[in-house]
Amino acid sequence: MANKQLTIEELVVKAKEIRRLIIQMLAKAGSGHPGGSLSAADLITALYFNVLNFKSNDPQWPDRDRFHMSKGHCCPLWYAVLAKTGYFAQEKLFTLRQLGSILQGHPDRKTPGVESASGSLGQGLSIALGMSLALKIDKKDSRVYCLLGDGEVQEGSIWEAAMAAGHFGCDNICAILDSNGCQIDGKCEDIMGLEPLAAKWQAFGWHTIEINGHDMQQILAAYAQAKTIKNKPTIIIARTVKGKGVSFMEGVVAFHGKAPTQEEAQRALKELE
Amino acid sequence: MISEQIYQRDVYGQTLVDLGLADKNIVVLDADLSSSTRTNLFAKQFPDRFFNLGVAEQNMMATAAGLASCGKTVFASTFAVFATGRAWDQVRLAISYNNFNVKIVATHAGITVGPDGASHQALEDIALMRVLVNMNIIVPCDGPQTADAIRVAASTPGPFYIRLGRSKVPTIENKGEFKLGRAQLICDGNDVTIIACGMMVYEALLAIKNLAQKGIKARLINMHSVRPLDNEIILKAARETKFIVVCEEHNIVGGLASGIDEVVAESFPVKVIRVGVRNRFGQSGEPDELLKEYNLTSSDIEKAVLSNISSS
């Protein structure tokens with residue numbers, strides 16, 4: 001791990017810092033996806049600060065754990081965490097979505113710490129599967145983490161990958177499902193029902209852990225449990241709130257893909273102090 | 001100039017085994033067609049580096065990308081329709097945009113798939129791959145050239161699309177060295193240039209013999225490398241011969257002919273006649289029947305030359 005382990009209290013503070021950066025980046029960029037970035041902020045903060053093995057000064061370190069953000073539109077969260085863990089200077093965050101920036105509107109290998117592009121939903125779990133198989137061939141103990149959105153799992157290719165990871169018994173995969181219940185056109189259950197999510201993944205041969213995705217204790221316990229599961233992949237189904245941490249964004253579908261105005265950003269930052 | 005008839009996919013399977021012995025970094029994927037694509041030869045020899053992903057081509061292509069992100073040289077095989085059509089989005093973003101070291105080797109391309117009919121006859125695959133940045137495309141004309149293509153792809157970083165047929169093809173002798181981006185001059189002549197790829201090179205060769213008897217000296221270029229194209233040899237032909245006939249087992253839109261059109265239109269416009277499938281889907285039939293029905297035979301090439309030579 002690049003950083004020392006943080007306490008629960010420190011992680012909570014760190015996640016708040018990450019959320020502040022997300023708001024500031026998006027307000028500066030003028031476009032982007034706050035809702036899902038905020039809902040997964042606790043999960044990914046805990047992952048990078050306490051779980052993932054990496055060297056931010058050597059992004060290609062062969063023994064690193066892999067992380068892939070399959071729901072690529074939530075990259076402001078990823079970029080903020082990468083900056084905070086030392087992959088690049090924090091001021092770069094404010095070039096998000098600008099011409100020539102290393103921080104593209106969706107993940108791109110131009111960014112240190114990004115292993116593969118994403119942005120077309122449904123591809124990322126297959127990428128994680130490929131990473132898992134490569135690590136198994138090389139007999140490495142590194143693990144593969146992959147963040148999925150709940151709307152994203154409506155893509156059929158997710159289930160192709162789920163079936164294959166179950167079939168091959170890829171116990172080095174830990175998928176994280178940011179189940180915030182919302183997608184662009186409304187609530188997931190109204191648009192295209194997903195439940196029962198846990199039963200679906202279990203039927204594909206996965207170990208499932210359902211948690212409150214904003215409770216650091218539960219998050220860390222889930223990551224720890226996932227490491228102990230053998231011969232099958234694990235998915236953490238994290239129940240979250242879209243826009244979490246900013247009262248006027250919480251559960252509001254409109255903030256899926258709309259950046260805050262300057263005024264909204266100021267209000268949001270006040271709430272995140 | 002022509003000897004034995006062999007399956008390109010047999011050569012592919014055997015070449016993969018040879019490469020696998022020398023390079024432990026090679027991983028092979030298939031989507032439930034390993035006995036047809038012949039990746040089963042590699043699977044038998046190296047079970048730890050072969051994964052059959054079942055009937056799930058999209059997953060196969062993005063899995064290939066994930067393996068490549070960890071430094072593997074990945075060969076992913078299925079039929080050409082599925083490799084390029086079914087999984088195009090994965091090929092675009094996960095392989096081509098990432099510029100990963102994935103070699104898509106597709107078999108059963110073109111109309112000569114035969115009785116399986118239109119659903120299985122890829123006549124658009126070159127078009128679908130040709131628009132992708134970073135993608136190298138090779139359409140080998142025979143068995144030995146298939147081995148050359150596979151070896152070059154394995155040793156050249158970046159994504160490749162290699163297009164193979166289902167049926168046996170005759171070996172074309174004396175082609176010279178195989179180089180990516182460098183076409184092969186099979187025979188010289190200054191009355192007309194015929195540019196072909198894949199199994200159409202043989203048909204073109206037959207046409208050229210008949211044309212010679214009529215006193216027409218045709219130049220034949222084997223454009224195995226569809227991307228990058230050999231612009232130099234194309235423009236030389238445009239300058240030195242009266243017109244160009246392009247032959248491919250593909251729709252006349254978007255494939256090799258379109259590539260040649262783009263090159264000559266920009267730098268030295270000459271007439272380009274297309275011998276290919278003219279905006280039709282395929283259908284069931286035996287390969288030789290289909291080649292006749294879709295005007296892809298040596299006599300169709302000959303006609304294309306004869307009907308244009310007087311007007312040039």
# chains A, B, ... in the order shown; residues from 1 in each chain; ligands from 1
>>> select_by_dssp(residues="range 84-187 of chain A", states="strand (DSSP E)", output="list in words")
Val144, Tyr145, Cys146, Leu147, Leu148, Gly149, Ile173, Cys174, Ala175, Ile176, Leu177, Asp178, Ser179, Cys182, Gln183, Gly186 and Lys187 of chain A
>>> interface_residues(of="chain A", to="chain B", cutoff="9 Å", atoms="only C-alpha atoms", output="list in words")
Pro62, Asp108, Arg109, Glu115, Ser116, Ala117, Ser118, Gly119, Ser120, Gln123, Gly124, Leu125, Ser126, Ile127, Ala128, Leu129, Gly130, Met131, Ser132, Leu133, Ala134, Leu135, Ile137, Ser157, Ile158, Trp159, Glu160, Ala161 and Ala164 of chain A
>>> residues_around(residues="Leu47 in chain A", least_positions_apart="5", cutoff="12 Å", atoms="only C-alpha atoms", output="ChimeraX atom specification")
/A:1-3,5-6,11,14-15,40-42,52-54,65-68,78,81-82,85,143-147,174-176,213,216,219-224
>>> closest_residue(among="B:Ile194, B:Leu29, B:Ala204, B:Ile126", to="Thr73 in chain B", atoms="only C-alpha atoms")
B:Leu29
>>> residues_around(residues="range 227-232 of chain A", least_positions_apart="3", cutoff="8 Å", atoms="only C-alpha atoms", output="compact mmCIF listing (two decimals) with C-alpha atoms, in the first residue's frame")
# COMPACT_ATOMS: atom_id res chain seq x y z
CA ALA A 165 -15.59 -15.24 -13.95
CA GLY A 166 -17.83 -17.67 -12.07
CA PHE A 168 -13.19 -19.92 -14.11
CA GLY A 169 -13.47 -19.44 -10.33
CA CYS A 170 -11.70 -16.08 -10.42
CA ASP A 171 -11.30 -15.56 -6.69
CA ASN A 172 -8.88 -12.70 -7.27
CA GLY A 205 -21.39 -18.41 -9.23
CA TRP A 206 -20.39 -15.33 -7.24
CA HIS A 207 -20.02 -14.76 -3.53
CA TYR A 223 -13.10 -5.91 1.35
CA ALA A 224 -11.52 -8.07 4.06
>>> residues_around(residues="Lys84 in chain A", least_positions_apart="4", cutoff="10 Å", atoms="only C-alpha atoms", output="PyMOL selection string")
chain A and resi 14+17-18+21+45+48-49+78-80+88-90
>>> write_last_selection(atoms="N, CA and C atoms", output="short mmCIF file (atom, residue, chain, number, x, y, z; two decimals), in the first residue's frame")
data_model
loop_
_atom_site.label_atom_id
_atom_site.label_comp_id
_atom_site.auth_asym_id
_atom_site.auth_seq_id
_atom_site.Cartn_x
_atom_site.Cartn_y
_atom_site.Cartn_z
N LYS A 14 -11.26 11.80 4.81
CA LYS A 14 -10.66 11.72 3.48
C LYS A 14 -11.74 11.67 2.39
N GLU A 17 -13.04 15.07 1.78
CA GLU A 17 -12.09 15.83 0.93
C GLU A 17 -12.26 15.45 -0.54
N ILE A 18 -12.41 14.15 -0.77
CA ILE A 18 -12.59 13.66 -2.15
C ILE A 18 -13.88 14.24 -2.73
N LEU A 21 -13.40 17.80 -3.74
CA LEU A 21 -12.66 17.89 -5.01
C LEU A 21 -13.56 17.59 -6.20
N THR A 45 -12.61 5.57 -1.86
CA THR A 45 -11.65 6.14 -0.91
C THR A 45 -11.09 5.04 -0.01
N TYR A 48 -8.63 2.71 -2.04
CA TYR A 48 -7.29 3.22 -2.36
C TYR A 48 -6.45 3.49 -1.10
N PHE A 49 -7.09 3.93 -0.03
CA PHE A 49 -6.29 4.30 1.14
C PHE A 49 -6.01 3.12 2.06
N TRP A 78 -12.45 8.96 -9.43
CA TRP A 78 -11.18 8.23 -9.61
C TRP A 78 -10.01 9.21 -9.66
N TYR A 79 -10.19 10.27 -10.45
CA TYR A 79 -9.11 11.25 -10.61
C TYR A 79 -8.77 11.90 -9.27
N ALA A 80 -9.80 12.23 -8.48
CA ALA A 80 -9.55 12.88 -7.19
C ALA A 80 -8.75 11.93 -6.29
N PHE A 88 -0.53 12.03 -9.52
CA PHE A 88 -0.22 13.28 -10.24
C PHE A 88 -0.61 14.45 -9.35
N ALA A 89 -0.16 15.63 -9.74
CA ALA A 89 -0.38 16.81 -8.90
C ALA A 89 -1.87 17.18 -8.84
N GLN A 90 -2.26 17.61 -7.65
CA GLN A 90 -3.69 17.90 -7.44
C GLN A 90 -4.22 18.99 -8.36
#
>>> select_by_dssp(residues="range 107-218 of chain B", states="helix (DSSP H, G or I)", output="PyMOL selection string")
chain B and resi 111-116+118-120+125-130+143-155+200-213
>>> write_last_selection(atoms="N, CA and C atoms", output="tab-separated table (two decimals), in the first residue's frame")
chain	number	residue	atom	x	y	z
B	111	ILE	N	-17.78	-14.80	-48.85
B	111	ILE	CA	-18.91	-15.56	-49.42
B	111	ILE	C	-18.61	-17.05	-49.46
B	112	THR	N	-17.31	-17.43	-49.50
B	112	THR	CA	-16.95	-18.85	-49.65
B	112	THR	C	-17.19	-19.66	-48.38
B	113	VAL	N	-17.76	-19.04	-47.36
B	113	VAL	CA	-18.28	-19.80	-46.22
B	113	VAL	C	-19.28	-20.84	-46.73
B	114	GLY	N	-19.99	-20.46	-47.80
B	114	GLY	CA	-20.84	-21.44	-48.48
B	114	GLY	C	-22.21	-21.66	-47.87
B	115	PRO	N	-22.56	-22.96	-47.63
B	115	PRO	CA	-23.94	-23.32	-47.31
B	115	PRO	C	-24.53	-22.65	-46.07
B	116	ASP	N	-23.71	-22.19	-45.13
B	116	ASP	CA	-24.26	-21.54	-43.93
B	116	ASP	C	-25.05	-20.28	-44.28
B	118	ALA	N	-26.14	-16.25	-45.60
B	118	ALA	CA	-25.87	-14.83	-45.38
B	118	ALA	C	-25.48	-14.48	-43.96
B	119	SER	N	-26.12	-15.11	-42.97
B	119	SER	CA	-25.84	-14.73	-41.58
B	119	SER	C	-24.37	-14.94	-41.24
B	120	HIS	N	-23.75	-15.91	-41.91
B	120	HIS	CA	-22.37	-16.27	-41.56
B	120	HIS	C	-21.34	-15.76	-42.57
B	125	ASP	N	-16.68	-7.05	-42.90
B	125	ASP	CA	-15.72	-7.07	-41.80
B	125	ASP	C	-14.51	-6.17	-42.03
B	126	ILE	N	-14.02	-6.12	-43.27
B	126	ILE	CA	-12.86	-5.25	-43.53
B	126	ILE	C	-13.28	-3.80	-43.31
B	127	ALA	N	-14.49	-3.47	-43.79
B	127	ALA	CA	-14.99	-2.10	-43.62
B	127	ALA	C	-15.06	-1.73	-42.14
B	128	LEU	N	-15.57	-2.65	-41.33
B	128	LEU	CA	-15.74	-2.37	-39.90
B	128	LEU	C	-14.40	-2.19	-39.20
B	129	MET	N	-13.39	-2.91	-39.63
B	129	MET	CA	-12.07	-2.81	-39.00
B	129	MET	C	-11.24	-1.66	-39.56
B	130	ARG	N	-11.51	-1.32	-40.84
B	130	ARG	CA	-10.67	-0.34	-41.52
B	130	ARG	C	-10.85	1.07	-40.96
B	143	GLY	N	-1.97	-20.26	-47.62
B	143	GLY	CA	-1.51	-20.86	-46.38
B	143	GLY	C	-0.20	-20.30	-45.86
B	144	PRO	N	0.86	-20.35	-46.66
B	144	PRO	CA	2.14	-19.83	-46.17
B	144	PRO	C	2.06	-18.36	-45.75
B	145	GLN	N	1.27	-17.57	-46.48
B	145	GLN	CA	1.15	-16.16	-46.11
B	145	GLN	C	0.40	-15.99	-44.79
B	146	THR	N	-0.45	-16.95	-44.47
B	146	THR	CA	-1.14	-16.92	-43.18
B	146	THR	C	-0.11	-17.04	-42.05
B	147	ALA	N	0.83	-17.95	-42.22
B	147	ALA	CA	1.88	-18.10	-41.20
B	147	ALA	C	2.69	-16.81	-41.07
B	148	ASP	N	3.03	-16.21	-42.22
B	148	ASP	CA	3.77	-14.94	-42.19
B	148	ASP	C	2.98	-13.87	-41.42
B	149	ALA	N	1.69	-13.78	-41.72
B	149	ALA	CA	0.85	-12.75	-41.09
B	149	ALA	C	0.77	-12.95	-39.58
B	150	ILE	N	0.60	-14.20	-39.17
B	150	ILE	CA	0.47	-14.48	-37.73
B	150	ILE	C	1.78	-14.14	-37.02
B	151	ARG	N	2.89	-14.49	-37.65
B	151	ARG	CA	4.19	-14.21	-37.03
B	151	ARG	C	4.46	-12.70	-36.94
B	152	VAL	N	4.14	-12.00	-38.01
B	152	VAL	CA	4.34	-10.54	-37.99
B	152	VAL	C	3.44	-9.89	-36.94
B	153	ALA	N	2.21	-10.36	-36.84
B	153	ALA	CA	1.29	-9.80	-35.84
B	153	ALA	C	1.82	-10.05	-34.43
B	154	ALA	N	2.32	-11.26	-34.20
B	154	ALA	CA	2.82	-11.59	-32.86
B	154	ALA	C	4.00	-10.73	-32.46
B	155	SER	N	4.82	-10.36	-33.44
B	155	SER	CA	6.04	-9.62	-33.11
B	155	SER	C	5.89	-8.11	-33.29
B	200	MET	N	-8.92	-13.99	-53.68
B	200	MET	CA	-9.10	-13.35	-54.99
B	200	MET	C	-7.78	-13.17	-55.74
B	201	VAL	N	-6.66	-13.31	-55.02
B	201	VAL	CA	-5.37	-13.20	-55.70
B	201	VAL	C	-5.23	-14.34	-56.71
B	202	TYR	N	-5.68	-15.53	-56.31
B	202	TYR	CA	-5.62	-16.68	-57.21
B	202	TYR	C	-6.52	-16.46	-58.42
B	203	GLU	N	-7.74	-15.98	-58.19
B	203	GLU	CA	-8.66	-15.71	-59.31
B	203	GLU	C	-8.03	-14.69	-60.26
B	204	ALA	N	-7.39	-13.70	-59.70
B	204	ALA	CA	-6.76	-12.67	-60.52
B	204	ALA	C	-5.62	-13.24	-61.35
B	205	LEU	N	-4.90	-14.16	-60.74
B	205	LEU	CA	-3.79	-14.80	-61.45
B	205	LEU	C	-4.31	-15.58	-62.67
B	206	LEU	N	-5.42	-16.28	-62.50
B	206	LEU	CA	-6.03	-17.01	-63.62
B	206	LEU	C	-6.45	-16.03	-64.72
B	207	ALA	N	-7.05	-14.92	-64.30
B	207	ALA	CA	-7.51	-13.91	-65.26
B	207	ALA	C	-6.34	-13.36	-66.05
B	208	ILE	N	-5.25	-13.12	-65.36
B	208	ILE	CA	-4.08	-12.53	-66.01
B	208	ILE	C	-3.51	-13.44	-67.09
B	209	LYS	N	-3.55	-14.75	-66.87
B	209	LYS	CA	-3.07	-15.71	-67.87
B	209	LYS	C	-3.91	-15.63	-69.15
B	210	ASN	N	-5.23	-15.56	-68.94
B	210	ASN	CA	-6.12	-15.46	-70.11
B	210	ASN	C	-5.93	-14.13	-70.84
B	211	LEU	N	-5.75	-13.08	-70.06
B	211	LEU	CA	-5.55	-11.75	-70.66
B	211	LEU	C	-4.25	-11.72	-71.47
B	212	ALA	N	-3.24	-12.42	-70.97
B	212	ALA	CA	-1.94	-12.44	-71.66
B	212	ALA	C	-2.10	-13.04	-73.06
B	213	GLN	N	-2.97	-14.07	-73.12
B	213	GLN	CA	-3.21	-14.70	-74.42
B	213	GLN	C	-3.88	-13.74	-75.39
>>> residues_around(residues="range 170-176 of chain B", least_positions_apart="2", cutoff="12 Å", atoms="only C-alpha atoms", output="ChimeraX atom specification")
/B:1-8,11,140-146,148,167-168,178-179,182-187,198-206,220-224
>>> write_last_selection(atoms="N, CA and C atoms", output="short mmCIF file (atom, residue, chain, number, x, y, z; two decimals), in the first residue's frame")
data_model
loop_
_atom_site.label_atom_id
_atom_site.label_comp_id
_atom_site.auth_asym_id
_atom_site.auth_seq_id
_atom_site.Cartn_x
_atom_site.Cartn_y
_atom_site.Cartn_z
N MET B 1 3.20 -21.75 -60.99
CA MET B 1 3.13 -20.74 -59.94
C MET B 1 2.22 -21.19 -58.79
N ILE B 2 1.39 -22.21 -59.06
CA ILE B 2 0.42 -22.62 -58.06
C ILE B 2 0.64 -24.07 -57.66
N SER B 3 0.61 -24.33 -56.36
CA SER B 3 0.80 -25.71 -55.93
C SER B 3 -0.39 -26.17 -55.08
N GLU B 4 -0.10 -26.83 -53.97
CA GLU B 4 -1.13 -27.49 -53.17
C GLU B 4 -2.20 -26.54 -52.62
N GLN B 5 -3.35 -27.13 -52.31
CA GLN B 5 -4.45 -26.39 -51.68
C GLN B 5 -4.45 -26.70 -50.19
N ILE B 6 -4.43 -25.64 -49.37
CA ILE B 6 -4.47 -25.89 -47.92
C ILE B 6 -5.43 -24.93 -47.22
N TYR B 7 -5.83 -25.34 -46.02
CA TYR B 7 -6.68 -24.49 -45.19
C TYR B 7 -5.81 -23.45 -44.48
N GLN B 8 -6.18 -22.19 -44.61
CA GLN B 8 -5.44 -21.14 -43.88
C GLN B 8 -5.55 -21.36 -42.38
N VAL B 11 -3.07 -23.70 -40.94
CA VAL B 11 -1.77 -23.03 -40.80
C VAL B 11 -1.78 -22.13 -39.57
N PRO B 140 -4.36 -12.48 -45.77
CA PRO B 140 -3.38 -13.34 -46.44
C PRO B 140 -4.03 -14.08 -47.62
N CYS B 141 -3.23 -14.31 -48.66
CA CYS B 141 -3.80 -14.92 -49.87
C CYS B 141 -3.75 -16.43 -49.86
N ASP B 142 -2.92 -17.01 -49.01
CA ASP B 142 -2.81 -18.48 -49.01
C ASP B 142 -2.28 -18.98 -47.66
N GLY B 143 -1.97 -20.26 -47.62
CA GLY B 143 -1.51 -20.86 -46.38
C GLY B 143 -0.20 -20.30 -45.86
N PRO B 144 0.86 -20.35 -46.66
CA PRO B 144 2.14 -19.83 -46.17
C PRO B 144 2.06 -18.36 -45.75
N GLN B 145 1.27 -17.57 -46.48
CA GLN B 145 1.15 -16.16 -46.11
C GLN B 145 0.40 -15.99 -44.79
N THR B 146 -0.45 -16.95 -44.47
CA THR B 146 -1.14 -16.92 -43.18
C THR B 146 -0.11 -17.04 -42.05
N ASP B 148 3.03 -16.21 -42.22
CA ASP B 148 3.77 -14.94 -42.19
C ASP B 148 2.98 -13.87 -41.42
N SER B 167 -12.51 -22.15 -46.69
CA SER B 167 -12.18 -23.19 -47.66
C SER B 167 -10.67 -23.29 -47.89
N LYS B 168 -10.28 -24.40 -48.50
CA LYS B 168 -8.87 -24.55 -48.89
C LYS B 168 -8.53 -23.53 -49.98
N PHE B 178 7.45 -11.05 -47.12
CA PHE B 178 6.21 -10.53 -46.53
C PHE B 178 6.55 -9.41 -45.55
N LYS B 179 6.00 -8.22 -45.81
CA LYS B 179 6.22 -7.12 -44.88
C LYS B 179 4.91 -6.37 -44.68
N ARG B 182 3.65 -3.42 -47.00
CA ARG B 182 4.34 -3.52 -48.30
C ARG B 182 3.66 -4.60 -49.12
N ALA B 183 3.05 -4.23 -50.22
CA ALA B 183 2.36 -5.21 -51.06
C ALA B 183 3.37 -6.03 -51.85
N GLN B 184 2.89 -7.10 -52.49
CA GLN B 184 3.77 -7.96 -53.28
C GLN B 184 3.39 -7.87 -54.75
N LEU B 185 4.39 -7.59 -55.55
CA LEU B 185 4.19 -7.57 -57.01
C LEU B 185 4.30 -9.01 -57.50
N ILE B 186 3.16 -9.56 -57.93
CA ILE B 186 3.15 -10.98 -58.34
C ILE B 186 3.58 -11.08 -59.81
N CYS B 187 3.04 -10.21 -60.66
CA CYS B 187 3.59 -10.13 -62.02
C CYS B 187 3.44 -8.71 -62.56
N GLY B 198 -6.52 -11.79 -50.34
CA GLY B 198 -7.15 -13.05 -49.97
C GLY B 198 -7.22 -14.03 -51.13
N MET B 199 -8.31 -14.81 -51.13
CA MET B 199 -8.44 -15.84 -52.17
C MET B 199 -8.63 -15.26 -53.57
N MET B 200 -8.92 -13.99 -53.68
CA MET B 200 -9.10 -13.35 -54.99
C MET B 200 -7.78 -13.17 -55.74
N VAL B 201 -6.66 -13.31 -55.02
CA VAL B 201 -5.37 -13.20 -55.70
C VAL B 201 -5.23 -14.34 -56.71
N TYR B 202 -5.68 -15.53 -56.31
CA TYR B 202 -5.62 -16.68 -57.21
C TYR B 202 -6.52 -16.46 -58.42
N GLU B 203 -7.74 -15.98 -58.19
CA GLU B 203 -8.66 -15.71 -59.31
C GLU B 203 -8.03 -14.69 -60.26
N ALA B 204 -7.39 -13.70 -59.70
CA ALA B 204 -6.76 -12.67 -60.52
C ALA B 204 -5.62 -13.24 -61.35
N LEU B 205 -4.90 -14.16 -60.74
CA LEU B 205 -3.79 -14.80 -61.45
C LEU B 205 -4.31 -15.58 -62.67
N LEU B 206 -5.42 -16.28 -62.50
CA LEU B 206 -6.03 -17.01 -63.62
C LEU B 206 -6.45 -16.03 -64.72
N LEU B 220 -0.11 -7.57 -61.46
CA LEU B 220 -0.88 -8.11 -60.33
C LEU B 220 -0.18 -7.78 -59.02
N ILE B 221 -0.93 -7.14 -58.14
CA ILE B 221 -0.41 -6.79 -56.81
C ILE B 221 -1.23 -7.53 -55.76
N ASN B 222 -0.53 -8.22 -54.89
CA ASN B 222 -1.18 -8.86 -53.74
C ASN B 222 -1.14 -7.88 -52.56
N MET B 223 -2.29 -7.25 -52.31
CA MET B 223 -2.36 -6.26 -51.23
C MET B 223 -2.80 -6.96 -49.94
N HIS B 224 -1.91 -7.80 -49.42
CA HIS B 224 -2.24 -8.53 -48.19
C HIS B 224 -2.42 -7.59 -47.02
#
>>> closest_residue(among="A:Lys139, A:Lys28, A:Lys92, A:His33", to="Gly105 in chain A", atoms="only C-alpha atoms")
A:His33
>>> atom_distance(atom1="CA of Gly259 in chain B", atom2="CA of Asn279 in chain B")
16.9 Å
>>> closest_residue(among="B:Arg9, B:Arg227, B:Arg274, B:Arg38", to="Phe243 in chain B", atoms="only C-alpha atoms")
B:Arg274
>>> closest_residue(among="B:Pro287, B:Gly110, B:Pro228, B:Gly13", to="Val263 in chain B", atoms="only C-alpha atoms")
B:Pro228
>>> residues_around(residues="Val241 in chain A", least_positions_apart="3", cutoff="8 Å", atoms="only C-alpha atoms", output="list in words")
Ser39, Ser179, Asn180, Gly181, Lys244, Glu250 and Gly251 of chain A
>>> decode(residues="range 174-189 of chain A", atoms="C-alpha atoms", output="compact mmCIF listing (two decimals), in the first residue's frame")
# COMPACT_ATOMS: atom_id res chain seq x y z
CA CYS A 174 -13.70 -8.29 -6.25
CA ALA A 175 -16.40 -6.37 -8.09
CA ILE A 176 -18.03 -3.43 -6.37
CA LEU A 177 -21.56 -2.61 -7.40
CA ASP A 178 -22.47 0.98 -6.60
CA SER A 179 -26.18 0.34 -6.19
CA ASN A 180 -27.51 3.87 -5.95
CA GLY A 181 -30.81 2.89 -7.54
CA CYS A 182 -30.81 5.63 -10.17
CA GLN A 183 -30.00 5.84 -13.85
CA ILE A 184 -30.31 8.62 -16.41
CA ASP A 185 -34.00 8.23 -17.15
CA GLY A 186 -35.16 7.55 -13.60
CA LYS A 187 -35.12 4.94 -10.86
CA CYS A 188 -33.56 1.64 -11.97
CA GLU A 189 -36.53 -0.37 -10.76
